[in-house]
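Data file: final-v6.cif. Format and content: mmCIF, C-alpha atoms.
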data_coords
#
loop_
_atom_site.label_atom_id
_atom_site.label_comp_id
_atom_site.auth_asym_id
_atom_site.auth_seq_id
_atom_site.Cartn_x
_atom_site.Cartn_y
_atom_site.Cartn_z
CA MET A 544 -9.98 83.06 144.91
CA THR A 545 -7.64 85.48 146.56
CA ASP A 546 -3.93 85.35 147.19
CA THR A 547 -2.67 86.51 150.52
CA GLY A 548 0.73 87.58 149.33
CA SER A 549 2.47 84.34 149.92
CA GLU A 550 4.06 84.56 146.51
CA HIS A 551 5.27 88.14 146.67
CA PRO A 552 7.34 89.85 149.31
CA SER A 553 6.51 93.45 149.98
CA GLY A 554 7.77 95.84 147.39
CA GLY A 555 7.66 93.16 144.69
CA LEU A 556 5.53 92.80 141.60
CA GLU A 557 2.43 94.37 143.11
CA ALA A 558 4.33 97.55 143.97
CA SER A 559 5.93 97.80 140.54
CA GLY A 560 2.75 97.00 138.63
CA ARG A 561 4.40 94.06 136.88
CA THR A 562 3.24 90.46 136.86
CA ALA A 563 5.19 87.22 136.84
CA LEU A 564 3.94 86.58 133.31
CA SER A 565 5.22 89.93 132.06
CA VAL A 566 8.66 89.18 133.49
CA VAL A 567 9.08 85.67 132.04
CA GLY A 568 7.22 86.35 128.78
CA MET A 569 4.02 84.84 127.40
CA GLY A 570 5.85 82.65 124.86
CA ALA A 571 8.22 81.14 127.40
CA ALA A 572 5.41 80.52 129.90
CA VAL A 573 3.08 78.83 127.41
CA ALA A 574 5.89 76.76 125.87
CA ALA A 575 7.03 75.52 129.28
CA ILE A 576 3.51 74.53 130.34
CA VAL A 577 2.69 72.88 127.00
CA LEU A 578 5.90 70.84 126.83
CA LEU A 579 5.64 69.91 130.52
CA GLY A 580 2.11 68.62 130.02
CA LEU A 581 3.13 66.57 126.98
CA ASP A 582 6.00 64.95 128.88
CA LEU A 583 4.16 63.77 132.00
CA ARG A 584 2.54 60.57 130.70
CA LEU A 585 4.77 59.36 127.85
CA VAL A 586 6.40 56.85 130.20
CA PHE A 587 3.03 55.24 130.97
CA GLY A 588 1.63 55.02 127.46
CA SER A 589 4.83 53.80 125.79
CA ALA A 590 5.31 50.93 128.26
CA SER A 591 1.67 49.88 128.03
CA ALA A 592 1.88 49.50 124.24
CA VAL A 593 4.70 46.94 124.40
CA LEU A 594 3.74 45.26 127.66
CA ALA A 595 3.19 41.92 125.91
CA GLU A 596 6.67 42.06 124.35
CA ILE A 597 8.25 42.98 127.70
CA ARG A 598 6.47 40.09 129.43
CA GLN A 599 7.69 37.69 126.75
CA SER A 600 11.29 38.94 126.85
CA TYR A 601 11.59 38.62 130.61
CA THR A 602 9.05 35.81 131.18
CA LEU A 603 6.90 37.94 133.47
CA GLY A 604 3.48 37.32 134.96
CA SER A 605 0.72 39.94 135.06
CA GLY A 606 1.75 41.10 138.54
CA SER A 607 5.41 41.66 137.67
CA ALA A 608 4.55 43.39 134.40
CA ALA A 609 2.19 45.72 136.25
CA LEU A 610 5.24 47.19 138.02
CA LEU A 611 5.97 49.16 134.83
CA THR A 612 2.67 50.99 135.11
CA THR A 613 2.00 50.73 138.85
CA GLY A 614 5.54 51.59 139.96
CA PRO A 615 5.41 55.13 138.57
CA VAL A 616 1.94 55.62 140.07
CA LEU A 617 3.31 54.62 143.48
CA CYS A 618 6.06 57.17 142.93
CA LEU A 619 3.40 59.78 142.23
CA GLY A 620 2.00 59.17 145.68
CA VAL A 621 5.20 58.64 147.67
CA PHE A 622 7.26 61.50 146.23
CA ALA A 623 4.53 64.10 145.72
CA VAL A 624 5.08 65.28 149.30
CA ALA A 625 8.60 66.38 148.30
CA ALA A 626 7.12 69.21 146.26
CA THR A 627 6.28 71.44 149.22
CA ARG A 628 9.73 71.01 150.76
CA ALA A 629 11.46 71.59 147.43
CA VAL A 630 9.75 74.95 146.81
CA ARG A 631 10.97 76.11 150.22
CA ARG A 632 14.50 76.03 148.78
CA TRP A 633 14.00 76.77 145.09
CA THR A 634 11.44 78.46 142.87
CA VAL A 635 8.69 76.38 141.24
CA PRO A 636 10.29 76.58 137.75
CA VAL A 637 13.68 75.47 139.14
CA VAL A 638 12.10 72.46 140.86
CA LEU A 639 10.24 71.57 137.66
CA THR A 640 13.52 71.77 135.74
CA GLY A 641 14.98 69.20 138.12
CA CYS A 642 11.90 67.03 137.65
CA LEU A 643 12.37 67.04 133.88
CA ILE A 644 16.01 66.00 134.31
CA LEU A 645 14.85 62.96 136.28
CA ILE A 646 12.23 62.15 133.64
CA LEU A 647 14.81 62.45 130.86
CA VAL A 648 17.38 60.21 132.55
CA GLY A 649 14.82 57.68 133.73
CA THR A 650 13.17 57.38 130.32
CA ALA A 651 16.53 56.90 128.60
CA LEU A 652 17.56 54.17 131.05
CA ARG A 653 14.65 52.02 129.89
CA GLY A 654 16.63 51.16 126.78
CA ALA A 655 19.18 49.10 128.73
CA PRO A 656 18.79 45.33 128.16
CA TRP A 657 18.25 44.41 131.83
CA TRP A 658 14.96 44.07 133.72
CA PRO A 659 16.25 45.85 136.89
CA THR A 660 17.43 48.82 134.82
CA LEU A 661 14.05 49.01 133.09
CA ILE A 662 12.37 49.18 136.50
CA ILE A 663 14.90 51.65 137.94
CA GLY A 664 14.55 53.97 134.94
CA THR A 665 10.76 53.80 135.11
CA LEU A 666 10.74 54.59 138.84
CA LEU A 667 13.25 57.43 138.41
CA ALA A 668 11.01 59.01 135.80
CA GLY A 669 8.06 58.43 138.12
CA MET A 670 9.80 60.42 140.87
CA GLY A 671 10.18 63.41 138.58
CA ILE A 672 6.60 63.11 137.36
CA ALA A 673 5.35 62.95 140.97
CA VAL A 674 6.68 66.37 141.94
CA ALA A 675 5.85 67.88 138.54
CA ASN A 676 2.24 66.74 138.91
CA VAL A 677 1.90 68.72 142.13
CA LEU A 678 3.62 71.85 140.86
CA GLY A 679 1.98 72.00 137.43
CA PRO A 680 -1.26 73.57 138.80
CA VAL A 681 0.81 75.80 141.10
CA LEU A 682 2.87 77.10 138.15
CA ILE A 683 -0.36 77.87 136.30
CA ARG A 684 -1.67 79.81 139.29
CA LEU A 685 1.56 81.79 139.59
CA LEU A 686 1.74 82.73 135.91
CA PHE A 687 -1.95 82.80 134.89
CA PRO A 688 -3.98 83.68 138.03
CA HIS A 689 -6.80 85.13 135.89
CA ARG A 690 -6.81 82.29 133.33
CA ILE A 691 -6.78 79.28 135.65
CA GLY A 692 -9.65 77.47 133.91
CA LEU A 693 -8.26 77.93 130.40
CA MET A 694 -4.65 77.06 131.23
CA THR A 695 -5.61 74.14 133.47
CA GLY A 696 -7.71 72.81 130.61
CA LEU A 697 -4.82 73.13 128.17
CA PHE A 698 -2.37 71.53 130.60
CA THR A 699 -4.73 68.65 131.43
CA ALA A 700 -5.54 68.04 127.77
CA LEU A 701 -1.86 67.67 126.99
CA VAL A 702 -1.27 65.38 129.99
CA SER A 703 -4.22 63.22 128.96
CA ALA A 704 -3.19 63.14 125.31
CA SER A 705 0.44 62.27 125.97
CA ALA A 706 -0.28 58.72 127.17
CA GLY A 707 -2.35 58.02 124.08
CA ILE A 708 0.22 59.58 121.76
CA ALA A 709 2.90 57.32 123.20
CA SER A 710 0.66 54.26 123.13
CA GLY A 711 -0.47 54.78 119.54
CA ALA A 712 2.94 55.73 118.15
CA THR A 713 5.14 53.20 119.96
CA ILE A 714 4.24 50.15 117.85
CA PRO A 715 4.53 51.95 114.46
CA ILE A 716 7.85 53.53 115.50
CA ASP A 717 9.10 50.15 116.69
CA SER A 718 8.08 48.28 113.54
CA SER A 719 9.16 50.88 110.99
CA VAL A 720 12.13 52.66 112.58
CA PHE A 721 13.96 50.96 115.43
CA HIS A 722 12.79 47.33 115.23
CA SER A 723 13.50 47.05 118.96
CA TRP A 724 11.10 47.80 121.77
CA ARG A 725 14.02 48.76 124.03
CA THR A 726 15.33 51.39 121.63
CA THR A 727 11.80 52.64 121.07
CA LEU A 728 11.22 53.11 124.80
CA MET A 729 14.54 54.94 125.10
CA ALA A 730 13.59 57.22 122.17
CA TRP A 731 10.70 58.62 124.22
CA ALA A 732 13.35 60.58 126.15
CA ILE A 733 13.68 62.95 123.18
CA PRO A 734 10.55 65.02 124.05
CA SER A 735 12.00 65.48 127.54
CA VAL A 736 14.96 67.32 126.02
CA PHE A 737 12.68 70.01 124.57
CA ALA A 738 10.58 70.23 127.74
CA LEU A 739 13.75 70.59 129.82
CA ALA A 740 15.09 73.38 127.61
CA ALA A 741 11.83 75.34 127.80
CA MET A 742 11.53 74.97 131.58
CA ALA A 743 15.19 75.89 132.13
CA LEU A 744 14.62 79.11 130.15
CA LEU A 745 11.53 79.86 132.23
CA ALA A 746 13.45 79.19 135.45
CA ARG A 747 16.22 81.55 134.35
CA ARG A 748 13.78 84.35 133.62
CA TYR A 749 11.73 83.70 136.74
CA ARG A 750 14.75 84.58 138.89
CA HIS A 751 14.00 88.23 138.07
CA VAL A 752 10.43 88.07 139.36
CA ASP A 753 10.05 90.71 142.09
CA GLY A 754 13.78 91.40 141.92
CA THR A 755 14.10 89.60 145.26
CA THR A 756 17.11 87.90 146.72
CA THR A 757 17.23 84.14 147.08
CA SER A 758 16.57 84.34 150.84
CA ALA A 759 13.56 86.60 150.34
CA ALA A 760 12.16 84.29 147.70
CA ARG A 761 12.55 81.34 150.05
CA SER A 762 10.77 83.15 152.89
CA ALA A 763 7.88 83.88 150.53
CA ALA A 764 7.51 80.27 149.36
CA PRO A 765 4.30 78.39 150.18
CA ARG A 766 4.41 76.51 153.47
CA TRP A 767 2.71 73.23 154.33
CA GLN A 768 -0.63 73.92 156.02
CA THR A 769 -1.61 71.19 158.47
CA ALA A 770 -5.12 72.63 158.85
CA VAL A 771 -5.93 71.48 155.31
CA LEU A 772 -5.77 67.86 156.52
CA ARG A 773 -8.77 68.56 158.76
CA SER A 774 -10.94 69.88 155.94
CA PRO A 775 -13.72 67.56 154.66
CA VAL A 776 -13.62 69.41 151.34
CA ALA A 777 -9.90 68.68 151.00
CA TRP A 778 -10.56 64.98 151.57
CA ALA A 779 -13.35 65.02 148.99
CA VAL A 780 -10.99 66.60 146.43
CA THR A 781 -8.36 64.00 147.36
CA GLY A 782 -10.84 61.16 146.98
CA PHE A 783 -11.99 62.45 143.60
CA MET A 784 -8.39 62.78 142.41
CA GLY A 785 -7.42 59.33 143.67
CA LEU A 786 -10.38 57.34 142.42
CA GLN A 787 -10.45 58.90 138.96
CA SER A 788 -6.72 58.25 138.71
CA LEU A 789 -7.29 54.62 139.77
CA LEU A 790 -9.62 54.19 136.79
CA ALA A 791 -7.31 56.09 134.43
CA TYR A 792 -4.19 54.08 135.21
CA SER A 793 -6.09 50.80 135.17
CA MET A 794 -7.19 51.62 131.62
CA ILE A 795 -3.72 52.80 130.60
CA ALA A 796 -2.23 49.57 131.93
CA TRP A 797 -4.76 47.03 130.70
CA LEU A 798 -7.10 48.37 128.00
CA PRO A 799 -4.76 47.39 125.12
CA THR A 800 -4.16 44.01 126.76
CA ILE A 801 -7.88 43.39 127.24
CA TYR A 802 -8.52 43.78 123.53
CA ARG A 803 -5.36 41.94 122.49
CA ASP A 804 -6.67 39.01 124.52
CA ARG A 805 -9.92 39.32 122.56
CA GLY A 806 -8.08 38.99 119.24
CA LEU A 807 -7.25 42.57 118.29
CA SER A 808 -3.82 43.23 116.78
CA ALA A 809 -1.15 44.94 118.89
CA GLU A 810 -1.24 48.08 116.73
CA ASN A 811 -5.03 48.42 116.81
CA ALA A 812 -5.13 47.72 120.55
CA GLY A 813 -2.61 50.49 121.11
CA LEU A 814 -4.70 52.82 118.98
CA LEU A 815 -7.61 52.29 121.37
CA LEU A 816 -5.59 54.02 124.06
CA THR A 817 -4.82 56.74 121.56
CA ALA A 818 -8.55 57.17 120.88
CA LEU A 819 -9.15 57.33 124.63
CA SER A 820 -6.47 59.97 125.14
CA VAL A 821 -7.34 62.10 122.11
CA SER A 822 -11.02 62.16 123.02
CA SER A 823 -10.10 63.25 126.53
CA ILE A 824 -8.82 66.52 125.07
CA ALA A 825 -12.39 67.69 124.40
CA THR A 826 -13.50 67.49 128.03
CA ALA A 827 -10.08 68.43 129.40
CA LEU A 828 -10.31 71.75 127.55
CA THR A 829 -13.97 72.53 128.24
CA VAL A 830 -14.66 71.24 131.76
CA PRO A 831 -12.19 73.57 133.59
CA VAL A 832 -13.50 76.63 131.75
CA LEU A 833 -17.07 75.70 132.63
CA ALA A 834 -16.13 74.81 136.22
CA ALA A 835 -14.45 78.19 136.74
CA ARG A 836 -17.61 80.01 135.64
CA ILE A 837 -20.06 78.32 138.01
CA ARG A 838 -20.17 78.34 141.81
CA ARG A 839 -21.00 74.65 142.26
CA GLN A 840 -19.37 71.87 140.25
CA SER A 841 -21.23 68.89 141.76
CA VAL A 842 -23.49 68.23 138.76
CA LEU A 843 -20.51 68.61 136.44
CA ALA A 844 -18.64 65.96 138.45
CA ILE A 845 -21.55 63.53 138.16
CA ALA A 846 -21.75 64.13 134.41
CA VAL A 847 -18.10 63.29 133.72
CA VAL A 848 -18.28 60.18 135.93
CA ALA A 849 -21.36 59.03 133.99
CA LEU A 850 -19.30 59.05 130.79
CA SER A 851 -16.80 56.65 132.33
CA VAL A 852 -19.59 54.40 133.59
CA ALA A 853 -20.98 54.14 130.07
CA GLY A 854 -17.53 53.35 128.67
CA LEU A 855 -16.85 50.64 131.26
CA ILE A 856 -20.20 48.99 130.58
CA GLY A 857 -19.33 48.97 126.88
CA VAL A 858 -15.92 47.36 127.48
CA LEU A 859 -17.59 44.83 129.77
CA ALA A 860 -20.03 43.93 127.00
CA GLY A 861 -17.05 42.71 124.97
CA SER A 862 -17.85 43.96 121.46
CA ILE A 863 -14.62 44.39 119.48
CA GLU A 864 -16.41 46.27 116.69
CA LEU A 865 -17.57 49.00 119.11
CA ALA A 866 -14.29 49.13 121.03
CA PRO A 867 -13.39 52.62 119.68
CA VAL A 868 -16.75 53.96 120.90
CA TRP A 869 -16.14 52.70 124.44
CA ALA A 870 -12.58 54.05 124.38
CA ILE A 871 -13.87 57.47 123.35
CA LEU A 872 -16.47 57.49 126.14
CA LEU A 873 -13.79 56.51 128.66
CA GLY A 874 -11.56 59.26 127.32
CA LEU A 875 -14.27 61.90 127.59
CA GLY A 876 -14.91 60.84 131.16
CA GLN A 877 -11.27 60.71 132.19
CA GLY A 878 -10.35 64.01 130.56
CA GLY A 879 -13.21 65.70 132.36
CA GLN A 880 -12.44 64.06 135.69
CA LEU A 881 -8.72 64.85 135.74
CA SER A 882 -9.18 68.43 134.58
CA LEU A 883 -11.99 68.97 137.09
CA ALA A 884 -9.86 67.52 139.91
CA LEU A 885 -6.97 69.87 139.09
CA THR A 886 -9.34 72.83 138.73
CA LEU A 887 -11.00 72.08 142.06
CA ILE A 888 -7.60 72.32 143.74
CA ASN A 889 -7.41 75.98 142.74
CA LEU A 890 -11.12 76.74 143.08
CA ARG A 891 -11.39 75.39 146.63
CA ALA A 892 -8.10 76.97 147.80
CA PRO A 893 -8.25 80.63 148.94
CA ASN A 894 -4.54 81.29 148.27
CA THR A 895 -1.46 79.81 146.63
CA ALA A 896 -0.08 78.36 149.88
CA THR A 897 -3.30 76.43 150.45
CA ALA A 898 -3.39 75.38 146.80
CA THR A 899 0.13 73.96 147.10
CA THR A 900 -0.78 72.01 150.24
CA LEU A 901 -4.05 70.77 148.75
CA SER A 902 -2.32 69.77 145.51
CA THR A 903 0.31 67.85 147.49
CA MET A 904 -2.33 66.14 149.64
CA ALA A 905 -4.65 65.28 146.76
CA GLN A 906 -1.90 63.89 144.56
CA SER A 907 0.20 62.09 147.17
CA ILE A 908 -2.70 60.29 148.83
CA GLY A 909 -4.68 60.14 145.60
CA TYR A 910 -1.98 58.44 143.58
CA LEU A 911 -1.28 55.94 146.35
CA VAL A 912 -4.94 54.98 146.01
CA ALA A 913 -4.61 54.95 142.23
CA ALA A 914 -1.64 52.59 142.35
CA ALA A 915 -3.94 49.85 143.63
CA GLY A 916 -5.93 49.90 140.39
CA PRO A 917 -3.57 48.26 137.87
CA VAL A 918 -2.25 45.79 140.44
CA ALA A 919 -5.71 44.77 141.66
CA ALA A 920 -7.04 44.48 138.10
CA GLY A 921 -4.08 42.32 137.09
CA ALA A 922 -4.37 40.14 140.19
CA ILE A 923 -8.12 39.63 139.73
CA HIS A 924 -7.57 38.75 136.08
CA SER A 925 -4.84 36.26 136.98
CA SER A 926 -7.04 34.55 139.58
CA THR A 927 -10.22 34.44 137.48
CA GLY A 928 -8.78 34.12 133.97
CA SER A 929 -11.26 36.71 132.76
CA TRP A 930 -11.52 40.49 132.46
CA THR A 931 -15.16 40.52 133.64
CA ALA A 932 -14.40 40.65 137.37
CA PRO A 933 -11.81 43.48 137.12
CA LEU A 934 -14.21 45.59 135.03
CA LEU A 935 -17.04 45.00 137.51
CA ALA A 936 -14.72 46.10 140.32
CA LEU A 937 -13.92 49.32 138.44
CA LEU A 938 -17.63 49.95 137.97
CA ALA A 939 -18.11 49.64 141.73
CA VAL A 940 -15.40 52.29 142.25
CA MET A 941 -17.58 54.77 140.33
CA ILE A 942 -19.96 55.00 143.31
CA PRO A 943 -17.51 56.57 145.81
CA LEU A 944 -16.03 58.61 142.95
CA THR A 945 -19.45 60.16 142.35
CA LEU A 946 -19.91 60.93 146.06
CA CYS A 947 -16.49 62.58 146.32
CA GLY A 948 -17.17 64.66 143.21
CA TRP A 949 -20.50 65.84 144.59
CA TRP A 950 -18.95 66.92 147.89
CA ALA A 951 -15.85 68.52 146.36
CA GLY A 952 -18.02 70.43 143.90
CA ARG A 953 -19.90 72.32 146.59
CA ASP A 954 -19.06 76.01 146.97
CA THR A 955 -17.11 75.51 150.21
CA PRO A 956 -13.46 76.62 150.48
CA VAL A 957 -10.74 74.54 152.07
CA THR A 958 -9.77 76.00 155.45
CA SER A 959 -6.24 77.36 155.50
CA VAL A 960 -3.98 78.29 158.38
CA ASP A 961 -4.56 81.98 157.74
CA GLN A 962 -8.33 81.52 157.85
CA THR A 963 -8.14 79.52 161.08
CA VAL A 964 -5.98 82.17 162.76
CA ASN A 965 -8.28 84.96 161.60
CA LYS A 966 -11.33 83.16 162.94
CA ASP A 967 -9.65 82.61 166.30
CA LEU A 968 -8.65 86.28 166.51
CA THR A 969 -12.18 87.39 165.63
CA ALA A 970 -13.64 85.11 168.28
CA SER A 971 -11.22 86.34 170.97
CA LYS A 972 -11.98 89.98 170.16
CA SER A 973 -15.73 89.43 170.37
CA THR A 974 -15.36 87.92 173.85
#
What would you get if you wrote out this structure as structure tokens?
Amino acid sequence: MTDTGSEHPSGGLEASGRTALSVVGMGAAVAAIVLLGLDLRLVFGSASAVLAEIRQSYTLGSGSAALLTTGPVLCLGVFAVAATRAVRRWTVPVVLTGCLILILVGTALRGAPWWPTLIIGTLLAGMGIAVANVLGPVLIRLLFPHRIGLMTGLFTALVSASAGIASGATIPIDSSVFHSWRTTLMAWAIPSVFALAAMALLARRYRHVDGTTTSAARSAAPRWQTAVLRSPVAWAVTGFMGLQSLLAYSMIAWLPTIYRDRGLSAENAGLLLTALSVSSIATALTVPVLAARIRRQSVLAIAVVALSVAGLIGVLAGSIELAPVWAILLGLGQGGQLSLALTLINLRAPNTATATTLSTMAQSIGYLVAAAGPVAAGAIHSSTGSWTAPLLALLAVMIPLTLCGWWAGRDTPVTSVDQTVNKDLTASKST
């Protein structure tokens, strides 16, 4: 991977011998990335844990209740495209600071005792998460260009774990502290305060990167590259991101409910999602490091998908006693798939501008695909009265997921605008 200077105007860091990391500080950079990762899925996991209580309070069907988990996923797709435009006006850390403000406000609004406010707060948080999802890998590339695998693994592990942390802790916090699911949901805004403070500090220090003026920084910001949309590799990365997210959010939305319907207590059902998320840390940390060290990641993609297939088959079998085993297998698969998808964005992109475009494409289109998962699973369950058909449908999704992973894992870079122009110039000179 090479950067073409899209991040740095002439006479900037490269001329001075400094790096962006040396300017902002290792502690501030790591803290911002860690707290950002922890804050990006708390909204999903906390709502999933008390979905039954929410449905009872507002007399909701499966479809309406799915808005709490599907609505934010739709936001991830619809508002991800705003990331590229936002970084044309502000630096990546400044945009991420704004995202965390939206997440904080939206999460806090969920404590209001009205169904519309619960939805509005959830969607507002989803808007912030959408842009932050796109810019998380970009921030890693800007600050840790030589540690992309390691930092992507850390970031993905925290993102994966956060949903499970929220799911597993929500019921105990509700029963022992607040005794109100509304107050408990609102309390999940507290981690956003710390994440916001860390990112604001990073944004303040990042202003001194290169010593450039605001106008110069804007001119150096990554631009949208239309040529990426014509790349088969980019579409394979997008498909892999979207389909693995479809499975992930379907499990976040319905795995606790599946086992509550089978007789498991609310607390133990929530802990299944915690087991899923905690186990995902293992593959989220290791898969990006391994992927960055090998030229082709196709076999690695097949391996992580196989873990999810095994977990789905186990859930389909219906054994409550072995439920933690299937949750762990699903977690290992999902942690590996998400971390590999984010790593592939940087591995297949030749520069930061292309990485930003590919990240926007993969996550906007990918999450729109993913949003169909929880809704379709809930609708199929409502029409059949059983979880067998939804689980079989998710197993079928593993086939195109495998094909996308194989194609995206090949050692073929995504074509950028710069590459296309260079090829055209070379061809014209030769003639």
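Distance annotation: of A:Ile708, A:Leu578, A:Ala812, A:Leu583, the residue with the minimal separation from A:Val736 is A:Leu578; atom set is only C-alpha atoms.
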Apply the PyMOL selection byres ((chain A and resi 878-884) around 6) to the file shown and report the selected residues as a PyMOL selection string. chain A and resi 699+784+823+826-827+830-831+847+874-877+885-887
I need the chosen residues saved as a compact mmCIF listing (two decimals), in the frame of the given file, with C-alpha atoms.
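Written file, out_39.txt:
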# COMPACT_ATOMS: atom_id res chain seq x y z
CA THR A 699 -4.73 68.65 131.43
CA MET A 784 -8.39 62.78 142.41
CA SER A 823 -10.10 63.25 126.53
CA THR A 826 -13.50 67.49 128.03
CA ALA A 827 -10.08 68.43 129.40
CA VAL A 830 -14.66 71.24 131.76
CA PRO A 831 -12.19 73.57 133.59
CA VAL A 847 -18.10 63.29 133.72
CA GLY A 874 -11.56 59.26 127.32
CA LEU A 875 -14.27 61.90 127.59
CA GLY A 876 -14.91 60.84 131.16
CA GLN A 877 -11.27 60.71 132.19
CA LEU A 885 -6.97 69.87 139.09
CA THR A 886 -9.34 72.83 138.73
CA LEU A 887 -11.00 72.08 142.06
Do a neighbour search on A:Trp950 at 12 Å with only C-alpha atoms, toss out local chain neighbours closer than 5 positions, and write the hits as an NGL selection string. :A and (774-783 or 839-845 or 887 or 891 or 943-945 or 955-957)
Do you know which residues are at most 9 Å from A:Gly568 counting all atoms listed in the file, after dropping those on the same chain fewer than 5 positions away, and could you put them as a PyMOL selection string? chain A and resi 563+573+745+748
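Distance check against A:Leu739 using all atoms listed in the file: of A:Leu610, A:Gly916, A:Ile576, A:Thr927, the minimum falls on A:Ile576.
Of the residues listed (A:Ala623, A:Met742, A:Leu693, A:Ala675), A:Leu693 shows the shortest atom-to-atom separation from A:Arg836; distances use all atoms listed in the file.
Restricting the calculation to all atoms listed in the file, the smallest distance between A:Asn889 and any of A:Ala913, A:Ala673, A:Val720, A:Leu682 is found for A:Leu682.
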Give me, as a list of chain:residue names, all polymer residues having an atom no more than 8 Å from stretch 901-904 of chain A, counting only C-alpha atoms and skipping those fewer than 4 positions away in the same chain. A:Ala623, A:Val624, A:Ala626, A:Thr627, A:Val677, A:Leu678, A:Pro680, A:Val771, A:Leu772, A:Ala777, A:Thr781, A:Leu885, A:Ile888, A:Ala892, A:Thr897, A:Ile908, A:Gly909
So that I can check the surroundings of A:Val567, please list as an mmCIF file with C-alpha atoms, in the coordinates of the input every protein, DNA and RNA residue that reaches within 12 Å of it, counting all atoms listed in the file and ignoring chain neighbours fewer than 5 positions away.
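Result saved to result-v4.cif:
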data_model
loop_
_atom_site.group_PDB
_atom_site.id
_atom_site.type_symbol
_atom_site.label_atom_id
_atom_site.label_comp_id
_atom_site.auth_asym_id
_atom_site.auth_seq_id
_atom_site.Cartn_x
_atom_site.Cartn_y
_atom_site.Cartn_z
ATOM 1 C CA ARG A 561 4.400 94.060 136.880
ATOM 2 C CA THR A 562 3.240 90.460 136.860
ATOM 3 C CA ALA A 572 5.410 80.520 129.900
ATOM 4 C CA VAL A 573 3.080 78.830 127.410
ATOM 5 C CA ALA A 574 5.890 76.760 125.870
ATOM 6 C CA ALA A 575 7.030 75.520 129.280
ATOM 7 C CA PRO A 636 10.290 76.580 137.750
ATOM 8 C CA LEU A 685 1.560 81.790 139.590
ATOM 9 C CA LEU A 686 1.740 82.730 135.910
ATOM 10 C CA PHE A 687 -1.950 82.800 134.890
ATOM 11 C CA ALA A 741 11.830 75.340 127.800
ATOM 12 C CA MET A 742 11.530 74.970 131.580
ATOM 13 C CA ALA A 743 15.190 75.890 132.130
ATOM 14 C CA LEU A 744 14.620 79.110 130.150
ATOM 15 C CA LEU A 745 11.530 79.860 132.230
ATOM 16 C CA ALA A 746 13.450 79.190 135.450
ATOM 17 C CA ARG A 747 16.220 81.550 134.350
ATOM 18 C CA ARG A 748 13.780 84.350 133.620
ATOM 19 C CA TYR A 749 11.730 83.700 136.740
ATOM 20 C CA ARG A 750 14.750 84.580 138.890
ATOM 21 C CA HIS A 751 14.000 88.230 138.070
ATOM 22 C CA VAL A 752 10.430 88.070 139.360
ATOM 23 C CA ASP A 753 10.050 90.710 142.090
#
A:Leu619 proximity check over A:Ile644, A:Ala655, A:Ala740, A:Leu911, using all atoms listed in the file: winner is A:Leu911
Residues near A:Pro933, cut-off 8 Å, all atoms listed in the file, skip fewer than 4 positions along chain, as a PDB file with C-alpha atoms, in the coordinates of the input:
ATOM      1  CA  ALA A 919      -5.710  44.770 141.660  1.00  0.00           C
ATOM      2  CA  ALA A 920      -7.040  44.480 138.100  1.00  0.00           C
ATOM      3  CA  GLY A 921      -4.080  42.320 137.090  1.00  0.00           C
ATOM      4  CA  ILE A 923      -8.120  39.630 139.730  1.00  0.00           C
ATOM      5  CA  HIS A 924      -7.570  38.750 136.080  1.00  0.00           C
ATOM      6  CA  LEU A 937     -13.920  49.320 138.440  1.00  0.00           C
TER       7      LEU A 937
END
Starting from the shown file, work through the PyMOL selection byres ((chain A and resi 643) around 8) and note down what comes out as a PyMOL selection string. chain A and resi 639-642+644-647+671-672+735+738-739
Restricted to C-alpha atoms, what would the selected residues look like written as a PDB file, keeping the file's coordinate frame?
ATOM      1  CA  LEU A 639      10.240  71.570 137.660  1.00  0.00           C
ATOM      2  CA  THR A 640      13.520  71.770 135.740  1.00  0.00           C
ATOM      3  CA  GLY A 641      14.980  69.200 138.120  1.00  0.00           C
ATOM      4  CA  CYS A 642      11.900  67.030 137.650  1.00  0.00           C
ATOM      5  CA  ILE A 644      16.010  66.000 134.310  1.00  0.00           C
ATOM      6  CA  LEU A 645      14.850  62.960 136.280  1.00  0.00           C
ATOM      7  CA  ILE A 646      12.230  62.150 133.640  1.00  0.00           C
ATOM      8  CA  LEU A 647      14.810  62.450 130.860  1.00  0.00           C
ATOM      9  CA  GLY A 671      10.180  63.410 138.580  1.00  0.00           C
ATOM     10  CA  ILE A 672       6.600  63.110 137.360  1.00  0.00           C
ATOM     11  CA  SER A 735      12.000  65.480 127.540  1.00  0.00           C
ATOM     12  CA  ALA A 738      10.580  70.230 127.740  1.00  0.00           C
ATOM     13  CA  LEU A 739      13.750  70.590 129.820  1.00  0.00           C
TER      14      LEU A 739
END
Distance atom CA of A:Gln906-atom CA of A:Ser589, one decimal place? 22.3 Å
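Each of A:Pro867, A:Gly696, A:Gly928, A:Pro688 was checked against A:Asp804 using only C-alpha atoms; the smallest atom-to-atom distance is that of A:Gly928.
Across the model, the gap from atom CA of A:Ala791 to atom CA of A:Gly692 is 21.5 Å.
When atom CA of A:Ala712 is paired with atom CA of A:Pro917, their separation reads 22.1 Å.
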